[in-house]
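Below you'll find the structure, written out as structure tokens, and then a few comments.
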Amino acid sequence: MSVRLAGTALREIRIHVCQKSPASAGVRSFIENDYVGIKKANPQFPILIREASGIVPRVFARYEHGVERVATLENLSRENVIISFAFFRALQFIVRWYLFGKWTMPNFNFFGLRRRIQRNRGGTEVVETGTSTAGTVEEAVVVDEQEPDSRDLTAIPPNKKWRISNECVSLIHSVISGLWAAYALLYYKELIQDLTYFRCEAGINLILMSTGYLLHDLIDLLVNEQSARIIELLFHHVVVLSAFAVTMFMNRFLGVVIFGLLMELNSIFLHSRSLLNLYGVDKKSPSFRIIALLNMVTLFAFRLCVSAYLLYFVFTSIPDVAWYQSLINGVVILSLASTNTVLTYRLLAADGLLGSRRQRRTPAPTQETNADHVESGPLRTQVEDDEHHTIGVQTISETVEDTTQTV
């Protein structure tokens with residue numbers, strides 16, 4: 001190959017390449033086959049090649065007056081996203097089979113349940129003798145004048161078994177992505193030093209893996225639960241996927257995204273707390289107290305502090321990036337900061353740290369949770385259904401409550 005570079009506005013070319021990674025295969029082939037010919041044709045023109053393990057292949061072009069441009073040369077494909085999506089879908093079914101002996105769970109429409117409660121209010125669904133004339137589990141969840149709120153941290157849905165399996169898969173993803181993000185930031189110091197332009201293969205693969213998980217979880221939520229809770233989760237997933245799309249298509253802000261994925265370290269304890277709730281573990285027990293404490297500590301360290309630093313970065317980087325990139329970056333980070341603020345308020349209220357009036361009540365015991373000693377009152381009646389789970393109704397509060405976290 002003979003290309004004349006002298007006499008143009010181009011002043012220097014720098015190529016970054018990994019010696020072994022598949023993403024750098026095309027660049028390595030170019031160096032082996034074409035570099036010598038180009039260099040012979042331009043002996044005085046500086047062409048610099050830097051090899052580093054795990055680095056994303058990129059080319060830097062420096063023009064006159066110090067203007068510099070960068071382009072990513074990695075061999076990106078949809079295969080990594082598809083593999084991640086297939087892995088988490090398969091994992092979901094494995095968890096369901098392991099925990100409950102079934103592959104599928106019944107769908108649940110919370111909005112339909114609320115309409116049915118309003119229509120049947122004042123009927124004989126749950127009577128003092130402990131019998132029920134309700135035809136379905138949804139009809140049986142009708143007690144007193146209060147309607148269950150699926151956003152409540154203590155609302156038991158009729159699809160509780162599905163919620164448990166969903167939380168288990170989310171917990172596994174949080175462990176993988178949180179530790180992966182911490183490793184990437186510790187190993188590649190440039191990710192922290194240059195949140196905008198530095199790119200590495202470990203960070204790219206983490207984004208592709210998490211994209212596959214989010215697509216799986218979106219489908220799982222849309223298929224299995226239609227409720228107010230899904231609106232919040234849908235908003236969160238869309239915001240995170242938007243952040244992934246920005247860094248993949250603009251070749252910018254990889255460090256911002258990886259830094260933001262440190263929030264998954266808090267999600268480990270957040271999902272653990274949800275599972276303890278779903279299984280009816282007493283909030284006063286040592287195991288629940290330890291998880292709740294670790295949840296609040298990591299919430300402050302990896303959600304609130306990370307959100308504050310990323311907001312600071314958005315404002316300080318405005319002069320250095322294009323206005324539309326700053327706008328997109330700011331909207332995404334501000335949205336995540338808002339959801340984290342709401343989450344913090346709910347957790348503080350649920351743990352009774354905002355006063356007893358805002359504290360969530362102890363969830364009603366059910367046959368599945370084995371919660372035989374609950375201070376809020378004895379179990380008055382139970383409604384069982386093979387396709388759903390057992391729902392317990394209390395005599396004192398006369399509300400059906402659940403042990404699920406909404407995050």
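Order determines the names: the first chain of the structure tokens is A, the second B, and so forth; residues in each chain are numbered 1 upward, and ligands are numbered 1 upward as they are shown.
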Met263 in chain A surroundings by only C-alpha atoms, 8 Å radius, close-in-sequence under 5 positions cut, as a PyMOL selection string: chain A and resi 178+299+302-303+306
Who sits within 10 Å of Val67 in chain A, only C-alpha atoms, same chain under 6 positions skipped, as a list in words: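 Counting only the stated atoms, we get Ala9, Leu10, Arg11 and Ala61 of chain A.
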Can you pull out every residue within 12 Å of Ile82 in chain A, counting only C-alpha atoms, but drop anything in the same chain fewer than 2 positions away, and send it as a compact mmCIF listing (two decimals) with C-alpha atoms, in the first residue's frame?
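As written to disk, around29.txt reads:
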```txt
# COMPACT_ATOMS: atom_id res chain seq x y z
CA SER A 77 -20.65 -6.97 17.09
CA ARG A 78 -24.06 -7.85 18.44
CA GLU A 79 -22.83 -11.27 19.52
CA ASN A 80 -21.76 -10.16 23.02
CA SER A 84 -25.47 -11.92 27.58
CA PHE A 85 -29.21 -11.74 26.89
CA ALA A 86 -29.42 -15.51 26.33
CA PHE A 87 -27.40 -16.18 29.49
CA PHE A 88 -29.70 -14.16 31.76
CA ARG A 89 -32.85 -15.55 30.12
CA LEU A 208 -22.33 -5.11 26.38
CA MET A 209 -22.97 -7.62 29.17
CA SER A 210 -25.16 -5.20 31.11
CA THR A 211 -27.06 -4.29 27.94
CA GLY A 212 -27.99 -7.94 27.48
CA TYR A 213 -29.17 -8.15 31.10
CA LEU A 214 -31.29 -4.97 30.87
CA LEU A 215 -32.97 -6.18 27.69
CA HIS A 216 -33.75 -9.49 29.42
```
Between CA of Asn224 in chain A and CA of Leu275 in chain A - distance in Å to one decimal: 18.0 Å
Non-local contacts of Cys18 in chain A (9 Å; only C-alpha atoms; under 6 positions in same chain excluded) as an MDAnalysis selection string: chainID A and resid 24:25 27:28 50:57
Residues of the last selection are to be written out with C-alpha atoms, as a CSV table (one decimal), in the first residue's frame.
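Produced file part.csv, reproduced below:
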```csv
chain,number,residue,atom,x,y,z
A,24,SER,CA,-7.8,-5.5,17.9
A,25,ALA,CA,-7.5,-8.3,15.3
A,27,VAL,CA,-5.7,-3.4,13.6
A,28,ARG,CA,-3.0,-6.0,14.1
A,50,ARG,CA,1.5,1.7,21.2
A,51,GLU,CA,0.7,-1.8,22.4
A,52,ALA,CA,-1.0,-2.3,25.7
A,53,SER,CA,-2.9,-5.3,27.2
A,54,GLY,CA,-6.7,-4.9,27.2
A,55,ILE,CA,-6.8,-1.5,25.5
A,56,VAL,CA,-9.4,-0.6,23.0
A,57,PRO,CA,-7.9,-0.2,19.5
```
Computed interatomic separation between CA of Asp220 in chain A and CA of Asn251 in chain A (Å): 29.9 Å
Spatial neighbours of Phe313 in chain A, 12 Å, only C-alpha atoms, chain gap at least 5 places, as number ranges by chain: A: 192-196, 253, 255-256, 259-260, 306-308, 318-321, 326, 329-330, 333-334
Closest pair table for range 158-186 of chain A residues within 12 Å of range 92-99 of chain A, only C-alpha atoms, as a tab-separated table:
```
residue	atom	partner	partner_atom	distance
A:Lys160	CA	A:Arg96	CA	11.7
A:Lys161	CA	A:Arg96	CA	8.1
A:Trp162	CA	A:Arg96	CA	7.6
A:Arg163	CA	A:Arg96	CA	10.2
A:Ile164	CA	A:Arg96	CA	8.7
A:Ser165	CA	A:Arg96	CA	5.7
A:Asn166	CA	A:Gln92	CA	7.0
A:Glu167	CA	A:Gln92	CA	9.7
A:Cys168	CA	A:Val95	CA	7.5
A:Val169	CA	A:Gln92	CA	6.2
A:Ser170	CA	A:Gln92	CA	9.5
A:Leu171	CA	A:Gln92	CA	11.5
A:Ile172	CA	A:Gln92	CA	10.5
A:His173	CA	A:Gln92	CA	11.3
```
Near-Leu254 in chain A list (12 Å; only C-alpha atoms; drop same-chain fewer than 5 positions) as a VMD selection string: chain A and resid 56 181 184 to 185 188 190 to 207 243 to 249 259 to 261 329
I need the chosen residues saved as a PDB file, in the first residue's frame, with C-alpha atoms.
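The resulting file, result.pdb, is reproduced below:
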```pdb
ATOM      1  CA  VAL A  56      -9.446  -0.645  22.963  1.00  0.00           C
ATOM      2  CA  ALA A 181     -16.743  -2.085  37.328  1.00  0.00           C
ATOM      3  CA  ALA A 184     -11.926  -1.889  35.615  1.00  0.00           C
ATOM      4  CA  LEU A 185     -11.511   1.341  37.583  1.00  0.00           C
ATOM      5  CA  TYR A 188      -7.250   1.077  34.281  1.00  0.00           C
ATOM      6  CA  GLU A 190      -7.035   6.284  32.982  1.00  0.00           C
ATOM      7  CA  LEU A 191     -10.770   5.560  33.285  1.00  0.00           C
ATOM      8  CA  ILE A 192     -10.874   7.833  36.330  1.00  0.00           C
ATOM      9  CA  GLN A 193      -8.311  10.321  35.048  1.00  0.00           C
ATOM     10  CA  ASP A 194     -10.064  10.701  31.681  1.00  0.00           C
ATOM     11  CA  LEU A 195     -13.791  10.037  32.083  1.00  0.00           C
ATOM     12  CA  THR A 196     -14.526  11.334  28.595  1.00  0.00           C
ATOM     13  CA  TYR A 197     -12.135   9.862  26.039  1.00  0.00           C
ATOM     14  CA  PHE A 198     -10.273   6.870  27.479  1.00  0.00           C
ATOM     15  CA  ARG A 199     -11.628   3.492  26.384  1.00  0.00           C
ATOM     16  CA  CYS A 200     -10.656  -0.049  27.342  1.00  0.00           C
ATOM     17  CA  GLU A 201     -11.910  -3.464  26.314  1.00  0.00           C
ATOM     18  CA  ALA A 202     -12.892  -4.443  29.855  1.00  0.00           C
ATOM     19  CA  GLY A 203     -15.227  -1.435  30.080  1.00  0.00           C
ATOM     20  CA  ILE A 204     -16.747  -2.045  26.650  1.00  0.00           C
ATOM     21  CA  ASN A 205     -17.461  -5.703  27.430  1.00  0.00           C
ATOM     22  CA  LEU A 206     -19.056  -4.722  30.743  1.00  0.00           C
ATOM     23  CA  ILE A 207     -21.452  -2.409  28.918  1.00  0.00           C
ATOM     24  CA  ALA A 243     -26.209   6.050  28.794  1.00  0.00           C
ATOM     25  CA  PHE A 244     -24.851   2.866  27.217  1.00  0.00           C
ATOM     26  CA  ALA A 245     -25.926   4.024  23.754  1.00  0.00           C
ATOM     27  CA  VAL A 246     -24.220   7.404  24.192  1.00  0.00           C
ATOM     28  CA  THR A 247     -20.859   5.906  25.085  1.00  0.00           C
ATOM     29  CA  MET A 248     -21.033   3.227  22.372  1.00  0.00           C
ATOM     30  CA  PHE A 249     -22.116   5.422  19.459  1.00  0.00           C
ATOM     31  CA  PHE A 259     -18.007   4.874  37.352  1.00  0.00           C
ATOM     32  CA  GLY A 260     -21.806   4.914  37.453  1.00  0.00           C
ATOM     33  CA  LEU A 261     -21.938   1.104  37.417  1.00  0.00           C
ATOM     34  CA  ASN A 329     -24.879  13.525  29.654  1.00  0.00           C
TER      35      ASN A 329
END
```
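Shell of Leu233 in chain A at 10 Å, with only C-alpha atoms counted and residues fewer than 4 places along the chain excluded, is Asp217, Leu218, Leu221, Ala228, Arg229, His237, Val238, Val239, Thr339, Thr406 and Val407 of chain A.
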May I have the residues from that selection written out with C-alpha atoms, as a PDB file, in the first residue's frame?
```pdb
ATOM      1  CA  ASP A 217     -35.144  -7.726  32.492  1.00  0.00           C
ATOM      2  CA  LEU A 218     -37.261  -5.376  30.391  1.00  0.00           C
ATOM      3  CA  LEU A 221     -41.038  -7.183  33.533  1.00  0.00           C
ATOM      4  CA  ALA A 228     -47.109   0.975  38.907  1.00  0.00           C
ATOM      5  CA  ARG A 229     -43.824  -0.595  39.984  1.00  0.00           C
ATOM      6  CA  HIS A 237     -33.770   0.809  32.463  1.00  0.00           C
ATOM      7  CA  VAL A 238     -34.397   3.275  29.625  1.00  0.00           C
ATOM      8  CA  VAL A 239     -32.113   5.862  31.249  1.00  0.00           C
ATOM      9  CA  THR A 339     -34.156   8.025  41.164  1.00  0.00           C
ATOM     10  CA  THR A 406     -39.594  -1.981  44.449  1.00  0.00           C
ATOM     11  CA  VAL A 407     -36.118  -1.219  43.288  1.00  0.00           C
TER      12      VAL A 407
END
```
